[in-house]
Amino acid sequence: MSSGADVTRRGGRPIAVAILALVISAVLTSTVVLFVVTYNGPPPMPMPTRLDVIASELSGREVRSTSADDMPPFPRRFRKVFADERRHLIVTSSRTPPRARLIEGRLPAIEAQLAELLQTTPDRVIALTDRQLPFLRREITGEFTVAWRADDGWRVVRPGPRPWLTGWHKATLLAMLLAVLALALPAWFMARAITRPLRKLAVAAEAARAGAVRPPFPRNGPSEVRALTEAVATMHDRLANHAEARTRMLASIAHDLGTPLARLSFWIEQLPDEARERATRDIDEMRAMISDTLAFARDESGERDSTLVELSSLLDSLVEDMQVGGHAVTIESGPRLVVRGDPRSLRRAIANLIGNAVRYGDQATVRWRAEGERAIVSVEDEGPGIDLMQVERLFDPFVRGEASRNRSTGGTGLGLAIVRSIAARHGGSASLTNRAGGGGLATLTLPIAR
């Protein structure tokens, strides 16, 4: 067996290295995006609003500043401070002058210019804003409020609401989205590289069992996953060898018991009739137990041929043979289904289920159907049912459903263990439950051959 360190040295990049590389890439990408956003400056403010435009909105007529033509061009170095879009103005009327909010302040110089444009006195004009850049002389910016007291009350101008997402916000979000996509792609491939061999390992571990062919274990992936795969494969081989050794020992013991039993059969012929009959029954029971034990050992070893089996023909033949043997068994026709496996093993498994149904429920009814990719064989009886708390124990070797040691009612305790072993080797399962109308229900599930 190779150690995890040996597997790590043979190939495969460690998971820690991949994660570290991804984290460093994420940090570097985030830093670049943050640098670009910071270099481009804070979110731009709305374009300033000219005072003659505000005066026109307040007075309802076009007002043009006499010095508008003399206004210097907007300083180039400040153009990036403002957004490209201009905000529309909203004009309302009020009987009372507007009050300055917590962060707003009055602009006397702006009020004086507006009064000149409106041809009124500065005390009839109010200009409030939360931000005013010092280089602005004939414009007002920020969230401002400008009011003019006319003859019929106060006329108030405020900028309309800003769009929720400006061009700057959209560009920033786009840059962040591109960074996330650039990182998501390698992260996805890294996660797939880690999880794919783990899923294959889980499937292989699920299929591994004593007597079955060793499933293919994945050999790719990070070094830690390779080390885990190597350890699981070695553990499977160790357990399989241990189970096979115990099975061979059990089969050898059962086989060797046949010789002394044969000698006992010879000696008991000299006993009186009554004692001879009792001894003969005991020896017959021991031989039956040995036969069941050998069958269990053979089924555990898994050494069987695999061929296509027509399920309905197998069931019809089996039920017919059991009816000839005097068992109360009936069968209901079902669809034509083909499964792959060993017909002798499948026949033995279904015969054990029917035998249990006849033993505990006096009669048995056999049905089969298809559910998706599975063939379901059910055996029903009219007995008292089973204790659902003891279902899993009943599938263990040498556990009887009837507490007495009478073979005619309790059996050897290997029938259901053989059924589950055969079902597992064929990729299926076996279960026990109670019918809704009373009685027991045994089910054998097998994959349909395609």
# chains A, B, ... in the order shown; residues from 1 in each chain; ligands from 1
$ residues_around --residues "stretch 193-207 of chain A" --least-positions-apart "5" --cutoff "8 Å" --atoms "only C-alpha atoms" --output "list in words"
Ile15, Pro215, Pro216, Phe217, Pro218, Arg219, Asn220, Gly221, Pro222, Val225, Thr229, Val232 and His236 of chain A
$ select_by_dssp --residues "stretch 305-349 of chain A" --states "strand (DSSP E or B)" --output "count of residues only"
11
$ atom_distance --atom1 "atom CA of A:Leu444" --atom2 "atom CA of A:Val319"
15.7 Å
$ residues_around --residues "stretch 56-58 of chain A" --least-positions-apart "3" --cutoff "12 Å" --atoms "only C-alpha atoms" --output "number ranges by chain"
A: 49-53, 61-65, 88-93, 114-115, 117-119, 125-126, 145-150, 153-159
$ closest_residue --among "A:Ala179, A:Leu250, A:Arg226, A:Gly438" --to "A:Leu28" --atoms "only C-alpha atoms"
A:Ala179
$ residues_around --residues "A:Ile290" --least-positions-apart "3" --cutoff "10 Å" --atoms "only C-alpha atoms" --output "list in words"
Leu250, Ala251, Ile253, Ala254, His255, Asp256, Leu257, Gly258, Asp284, Glu285, Met286, Arg287, Thr293, Leu294, Ala295, Phe296 and Thr412 of chain A
$ closest_residue --among "A:Met289, A:Leu314, A:Val391, A:Ile354" --to "A:Val379" --atoms "only C-alpha atoms"
A:Ile354
$ closest_residue --among "A:Leu228, A:Leu261, A:Ile19, A:Leu173" --to "A:Ala191" --atoms "only C-alpha atoms"
A:Ile19
$ residues_around --residues "A:Leu315" --least-positions-apart "5" --cutoff "10 Å" --atoms "only C-alpha atoms" --output "PyMOL selection string"
chain A and resi 310+320-321+331-333+346-347+350-351+366-368+377
